[in-house]
Amino acid sequence: MKKRTIECDVCVVGGGTAGLMAALSASDSGAKTVLVEKNGILGGTMTACGVNYPGLFFAWGKQIIGGKCFDMIKRVEALGGCRIPEVEYAPEKHFTQQVRMNSFILGCVMDELCREYGVEVLFHSMLYDARENDVGVELDVACKEGPLTVSAKKAIDCTADADLAGILAYPRVKSASLQPATLFVKGRALDPLPDIDRLCLEAQRATDEGKLPPWIANRSYSKLVRGLSMTYHVECSEDADTSEGKTRLEMRARRDALAAVSFIKAFPGCEGFEIEQFSFECGVRETNRIVGEYTVSAEDYISGRSYPDAICNAFYPIDLHVPPYGIKQVFFKEGVYARIPYSALVPKGSRHLICAGRMISSDTDANSALRVQAPCMAMGQAAGVAAALCAASGRKMTDPDLDKVKQELKRQGAVLCDEV
């Protein structure tokens, strides 16, 4: 089969939370941009995994993340697909400041944005090889009609697992123990409701006896019969960044969900229970992280450390999920928010590659905060602008003109670190 070749200035691999914004910002900066996405819809976890509530865009009553990502959310709101919450200085619960999105409307808006900005999108396409040379990166992509080579001056890895960085032999690291993944399953509300207390008690007894998955809390069963989403942990093995490992993870997650549903249907009064909706992909919290020019530590993050190359902001607390049900959280002191350095987005020594999203160079605890959607969007915007400008000037990704990058980000509406 004959291999086709296309040329571009910037190729973005992965059209999820970070990748979409990287592609839009690169194209708006004047780069001919190609976006390669394995699924048939953009948005990654926001659409495929059901984690459709990005945050946090505000800190201490002020907007710290803006630009194309927030313009997108406002467009979704105008179509009735979300409601941006009223901004509070110090909400009792941080997650009330997340934006609950309708995934269908969000997906349609993302398509529109790519058309408007002239991004060439390749759905159902997956990277399988790449080579870096003096003038750029050649990326081999498996398309439905056969192999395609994308010849790009610069590339942006937004695969979440740092797949492109790994193929190009840039070092990657992984935590000794990975956070669990999550599958979203929504039940149809029963009317009348069964005896909820007894249902939970029986679920706990069955769990203790090994008859139900140990990672599903007994309160999750009550959520399902009340028509709410059951979001439960699934053990994430160390090879969840491979096809074989991800396959095992997805099949285990659905097996556990089926066990929960079968238990409910056998409970008195629940014979007619049904699943109304489920996500077709597990939400994975962590796999690989790049070894960047700088590595963000938990202390850097939560103290709001300032960097000479600070490129965007973040405000989500450290949010380390601990098996089977727990979460370790560390919150900012009043008035403090995090900055993200450009050097944490660039693999050490990289000429033509920059990365954005949860693969950012960071330690385990810092990554548990940086992995969430709003900072990933901000990273994507910064990476897209930097890649476009370096492609135009011929500069290495380790040596951008940061003043020009910041000027372009500001033109695109992003909130710079010294503007908050």
# chains A, B, ... in the order shown; residues from 1 in each chain; ligands from 1

$ residues_around --residues "stretch 20-34 of chain A" --least-positions-apart "5" --cutoff "9 Å" --atoms "only C-alpha atoms" --output "PyMOL selection string"
chain A and resi 7-15+42-43+68-69+110+113-114+117-122+150+152+156+158+356+376-389+391-392+408-409+412

$ closest_residue --among "A:Ile216, A:Ile264, A:Ala181, A:Met397" --to "A:Lys246" --atoms "only C-alpha atoms"
A:Ala181

$ select_by_dssp --residues "stretch 234-318 of chain A" --states "alpha helix (DSSP H)" --output "PyMOL selection string"
chain A and resi 243-265+298-303

$ write_last_selection --atoms "C-alpha atoms" --output "PDB file, in the first residue's frame"
ATOM      1  CA  SER A 243      -2.933  -1.241  24.171  1.00  0.00           C
ATOM      2  CA  GLU A 244      -2.890  -4.501  26.112  1.00  0.00           C
ATOM      3  CA  GLY A 245      -2.955  -2.781  29.492  1.00  0.00           C
ATOM      4  CA  LYS A 246      -5.674  -0.331  28.488  1.00  0.00           C
ATOM      5  CA  THR A 247      -7.750  -3.210  27.107  1.00  0.00           C
ATOM      6  CA  ARG A 248      -7.565  -5.030  30.429  1.00  0.00           C
ATOM      7  CA  LEU A 249      -8.485  -1.826  32.254  1.00  0.00           C
ATOM      8  CA  GLU A 250     -11.547  -1.118  30.088  1.00  0.00           C
ATOM      9  CA  MET A 251     -12.812  -4.708  30.278  1.00  0.00           C
ATOM     10  CA  ARG A 252     -12.289  -4.839  34.043  1.00  0.00           C
ATOM     11  CA  ALA A 253     -14.181  -1.567  34.488  1.00  0.00           C
ATOM     12  CA  ARG A 254     -17.213  -2.809  32.539  1.00  0.00           C
ATOM     13  CA  ARG A 255     -17.104  -6.191  34.281  1.00  0.00           C
ATOM     14  CA  ASP A 256     -17.235  -4.434  37.648  1.00  0.00           C
ATOM     15  CA  ALA A 257     -20.112  -2.240  36.472  1.00  0.00           C
ATOM     16  CA  LEU A 258     -22.065  -5.292  35.302  1.00  0.00           C
ATOM     17  CA  ALA A 259     -21.535  -6.958  38.689  1.00  0.00           C
ATOM     18  CA  ALA A 260     -22.981  -3.872  40.385  1.00  0.00           C
ATOM     19  CA  VAL A 261     -25.975  -3.770  38.025  1.00  0.00           C
ATOM     20  CA  SER A 262     -26.674  -7.491  38.460  1.00  0.00           C
ATOM     21  CA  PHE A 263     -26.600  -7.076  42.235  1.00  0.00           C
ATOM     22  CA  ILE A 264     -29.083  -4.191  42.078  1.00  0.00           C
ATOM     23  CA  LYS A 265     -31.479  -6.030  39.744  1.00  0.00           C
ATOM     24  CA  ALA A 298       4.363  19.635  44.966  1.00  0.00           C
ATOM     25  CA  GLU A 299       5.980  22.415  47.012  1.00  0.00           C
ATOM     26  CA  ASP A 300       6.489  24.504  43.862  1.00  0.00           C
ATOM     27  CA  TYR A 301       2.853  24.036  42.972  1.00  0.00           C
ATOM     28  CA  ILE A 302       1.053  24.584  46.258  1.00  0.00           C
ATOM     29  CA  SER A 303       3.293  27.494  47.313  1.00  0.00           C
TER      30      SER A 303
END

$ select_by_dssp --residues "stretch 209-389 of chain A" --states "strand (DSSP E or B)" --output "compact mmCIF listing (two decimals) with N, CA, C and O atoms, in the first residue's frame"
# COMPACT_ATOMS: atom_id res chain seq x y z
N SER A 229 -25.01 9.44 38.61
CA SER A 229 -23.84 8.76 38.05
C SER A 229 -23.06 8.05 39.15
O SER A 229 -22.80 8.64 40.21
N MET A 230 -22.72 6.82 38.89
CA MET A 230 -21.80 6.09 39.76
C MET A 230 -20.41 6.25 39.18
O MET A 230 -20.13 5.84 38.06
N THR A 231 -19.54 6.91 39.92
CA THR A 231 -18.16 7.10 39.48
C THR A 231 -17.29 6.30 40.43
O THR A 231 -17.10 6.67 41.57
N TYR A 232 -16.76 5.21 39.94
CA TYR A 232 -16.04 4.32 40.84
C TYR A 232 -14.62 4.09 40.35
O TYR A 232 -14.31 4.20 39.17
N HIS A 233 -13.77 3.78 41.28
CA HIS A 233 -12.37 3.54 40.98
C HIS A 233 -12.16 2.16 40.36
O HIS A 233 -12.85 1.20 40.69
N VAL A 234 -11.20 2.11 39.46
CA VAL A 234 -10.76 0.86 38.85
C VAL A 234 -9.25 0.81 38.97
O VAL A 234 -8.57 1.79 38.64
N ILE A 275 -29.43 0.59 33.12
CA ILE A 275 -28.39 1.59 32.92
C ILE A 275 -28.83 2.51 31.79
O ILE A 275 -29.20 2.05 30.71
N GLU A 276 -28.80 3.79 32.05
CA GLU A 276 -29.25 4.77 31.08
C GLU A 276 -28.10 5.28 30.21
O GLU A 276 -28.28 5.59 29.03
N GLN A 277 -26.90 5.36 30.77
CA GLN A 277 -25.78 5.94 30.03
C GLN A 277 -24.47 5.47 30.67
O GLN A 277 -24.39 5.25 31.88
N PHE A 278 -23.45 5.28 29.83
CA PHE A 278 -22.12 5.00 30.37
C PHE A 278 -21.08 5.56 29.41
O PHE A 278 -21.33 5.75 28.23
N GLY A 283 -11.62 6.97 32.37
CA GLY A 283 -10.82 8.16 32.64
C GLY A 283 -9.58 7.76 33.42
O GLY A 283 -9.67 7.36 34.58
N ASN A 288 2.43 8.11 32.10
CA ASN A 288 3.78 8.63 31.95
C ASN A 288 3.84 10.14 32.11
O ASN A 288 2.88 10.85 31.82
N ARG A 289 5.00 10.62 32.57
CA ARG A 289 5.29 12.05 32.58
C ARG A 289 6.63 12.26 31.90
O ARG A 289 7.53 11.43 32.04
N ILE A 290 6.77 13.34 31.18
CA ILE A 290 8.04 13.62 30.53
C ILE A 290 9.08 14.08 31.58
O ILE A 290 8.71 14.54 32.67
N GLY A 292 11.27 16.96 31.84
CA GLY A 292 11.38 18.24 31.16
C GLY A 292 12.63 19.01 31.54
O GLY A 292 13.44 18.57 32.37
N VAL A 296 8.18 20.28 38.02
CA VAL A 296 7.40 20.97 39.04
C VAL A 296 7.18 20.04 40.22
O VAL A 296 6.68 18.92 40.07
N ALA A 310 7.31 31.51 33.54
CA ALA A 310 5.91 31.15 33.81
C ALA A 310 5.05 31.49 32.60
O ALA A 310 5.11 32.59 32.07
N ILE A 311 4.23 30.51 32.17
CA ILE A 311 3.50 30.67 30.91
C ILE A 311 1.99 30.58 31.08
O ILE A 311 1.24 31.05 30.23
N CYS A 312 1.51 29.97 32.18
CA CYS A 312 0.07 29.90 32.43
C CYS A 312 -0.16 29.56 33.90
O CYS A 312 0.80 29.35 34.66
N ASN A 313 -1.41 29.51 34.30
CA ASN A 313 -1.77 29.39 35.71
C ASN A 313 -2.59 28.14 35.99
O ASN A 313 -3.12 27.50 35.08
N ALA A 314 -2.74 27.82 37.28
CA ALA A 314 -3.59 26.71 37.71
C ALA A 314 -4.06 26.97 39.13
O ALA A 314 -3.41 27.71 39.89
N ILE A 318 -4.08 19.93 45.10
CA ILE A 318 -3.49 18.59 44.96
C ILE A 318 -4.59 17.59 45.26
O ILE A 318 -5.30 17.70 46.25
N ASP A 319 -4.75 16.61 44.38
CA ASP A 319 -5.95 15.77 44.38
C ASP A 319 -5.54 14.33 44.05
O ASP A 319 -5.86 13.81 42.99
N LEU A 320 -4.82 13.71 44.96
CA LEU A 320 -4.28 12.38 44.73
C LEU A 320 -5.28 11.32 45.18
O LEU A 320 -5.60 11.21 46.36
N HIS A 321 -5.79 10.56 44.22
CA HIS A 321 -6.76 9.51 44.53
C HIS A 321 -6.03 8.29 45.07
O HIS A 321 -5.09 7.79 44.48
N VAL A 322 -6.50 7.82 46.22
CA VAL A 322 -5.85 6.74 46.95
C VAL A 322 -6.80 5.54 46.98
O VAL A 322 -7.96 5.69 47.39
N GLY A 326 -10.30 6.64 48.76
CA GLY A 326 -9.89 7.90 49.36
C GLY A 326 -9.27 8.89 48.39
O GLY A 326 -8.89 8.56 47.26
N ILE A 327 -9.17 10.15 48.85
CA ILE A 327 -8.51 11.21 48.10
C ILE A 327 -7.68 12.03 49.08
O ILE A 327 -8.17 12.48 50.12
N LYS A 328 -6.40 12.23 48.75
CA LYS A 328 -5.54 13.12 49.50
C LYS A 328 -5.59 14.48 48.84
O LYS A 328 -5.23 14.63 47.67
N GLN A 329 -6.03 15.49 49.57
CA GLN A 329 -6.15 16.83 49.00
C GLN A 329 -5.35 17.84 49.83
O GLN A 329 -5.36 17.79 51.06
N VAL A 330 -4.67 18.73 49.13
CA VAL A 330 -3.94 19.83 49.76
C VAL A 330 -4.37 21.11 49.05
O VAL A 330 -4.25 21.22 47.82
N ALA A 338 -1.22 28.65 41.50
CA ALA A 338 0.00 28.08 40.91
C ALA A 338 0.31 28.69 39.56
O ALA A 338 -0.58 29.06 38.80
N ARG A 339 1.61 28.79 39.28
CA ARG A 339 2.09 29.12 37.94
C ARG A 339 2.70 27.87 37.32
O ARG A 339 3.18 26.99 38.03
N ILE A 340 2.68 27.80 36.00
CA ILE A 340 3.25 26.67 35.27
C ILE A 340 4.38 27.18 34.40
O ILE A 340 4.18 28.07 33.56
N PRO A 341 5.60 26.65 34.57
CA PRO A 341 6.73 27.13 33.77
C PRO A 341 6.75 26.48 32.38
O PRO A 341 6.45 25.28 32.23
N PRO A 347 10.44 18.44 26.69
CA PRO A 347 11.37 17.37 27.05
C PRO A 347 12.81 17.87 27.03
O PRO A 347 13.18 18.67 26.17
N LEU A 353 9.94 19.21 19.66
CA LEU A 353 8.78 18.66 20.36
C LEU A 353 8.48 19.43 21.63
O LEU A 353 9.38 19.77 22.40
N ILE A 354 7.20 19.71 21.84
CA ILE A 354 6.71 20.26 23.09
C ILE A 354 5.51 19.42 23.51
O ILE A 354 4.85 18.80 22.67
N CYS A 355 5.22 19.37 24.79
CA CYS A 355 4.15 18.52 25.32
C CYS A 355 3.17 19.36 26.13
O CYS A 355 3.55 20.38 26.70
N SER A 362 6.54 16.78 36.21
CA SER A 362 6.10 17.12 37.57
C SER A 362 6.19 15.89 38.44
O SER A 362 6.25 14.76 37.94

$ closest_residue --among "A:Lys2, A:Lys74, A:Arg115, A:Lys62" --to "A:Gly335" --atoms "only C-alpha atoms"
A:Lys62

$ atom_distance --atom1 "atom CA of A:Leu199" --atom2 "atom CA of A:Leu183"
21.4 Å

$ closest_residue --among "A:Glu281, A:Asp197, A:Asp157, A:Glu334" --to "A:Thr47" --atoms "only C-alpha atoms"
A:Glu281

$ closest_residue --among "A:Gly166, A:Gly349, A:Gly50, A:Pro85" --to "A:Gln98" --atoms "only C-alpha atoms"
A:Pro85

$ residues_around --residues "A:Gln179" --least-positions-apart "6" --cutoff "9 Å" --atoms "only C-alpha atoms" --output "PyMOL selection string"
chain A and resi 235-236+284-287+320-323+368

$ write_last_selection --atoms "N, CA and C atoms" --output "mmCIF file, in the first residue's frame"
data_model
loop_
_atom_site.group_PDB
_atom_site.id
_atom_site.type_symbol
_atom_site.label_atom_id
_atom_site.label_comp_id
_atom_site.auth_asym_id
_atom_site.auth_seq_id
_atom_site.Cartn_x
_atom_site.Cartn_y
_atom_site.Cartn_z
ATOM 1 N N GLU A 235 -8.726 -0.302 39.439
ATOM 2 C CA GLU A 235 -7.281 -0.420 39.613
ATOM 3 C C GLU A 235 -6.569 -0.171 38.293
ATOM 4 N N CYS A 236 -5.571 0.702 38.308
ATOM 5 C CA CYS A 236 -4.836 1.085 37.104
ATOM 6 C C CYS A 236 -3.442 0.465 37.163
ATOM 7 N N VAL A 284 -8.417 7.852 32.783
ATOM 8 C CA VAL A 284 -7.146 7.471 33.416
ATOM 9 C C VAL A 284 -6.490 8.722 33.987
ATOM 10 N N ARG A 285 -6.122 8.676 35.246
ATOM 11 C CA ARG A 285 -5.576 9.866 35.906
ATOM 12 C C ARG A 285 -4.083 10.058 35.664
ATOM 13 N N GLU A 286 -3.344 8.984 35.566
ATOM 14 C CA GLU A 286 -1.904 9.169 35.361
ATOM 15 C C GLU A 286 -1.281 7.930 34.741
ATOM 16 N N THR A 287 -0.320 8.191 33.867
ATOM 17 C CA THR A 287 0.570 7.137 33.356
ATOM 18 C C THR A 287 1.980 7.722 33.309
ATOM 19 N N LEU A 320 -4.822 13.714 44.963
ATOM 20 C CA LEU A 320 -4.278 12.381 44.734
ATOM 21 C C LEU A 320 -5.285 11.324 45.182
ATOM 22 N N HIS A 321 -5.792 10.559 44.219
ATOM 23 C CA HIS A 321 -6.762 9.510 44.529
ATOM 24 C C HIS A 321 -6.035 8.288 45.075
ATOM 25 N N VAL A 322 -6.504 7.820 46.222
ATOM 26 C CA VAL A 322 -5.853 6.737 46.947
ATOM 27 C C VAL A 322 -6.799 5.543 46.976
ATOM 28 N N PRO A 323 -6.359 4.365 46.540
ATOM 29 C CA PRO A 323 -7.249 3.209 46.533
ATOM 30 C C PRO A 323 -7.622 2.770 47.938
ATOM 31 N N SER A 368 -1.075 15.440 40.240
ATOM 32 C CA SER A 368 -2.471 15.151 40.566
ATOM 33 C C SER A 368 -3.347 16.393 40.479
#
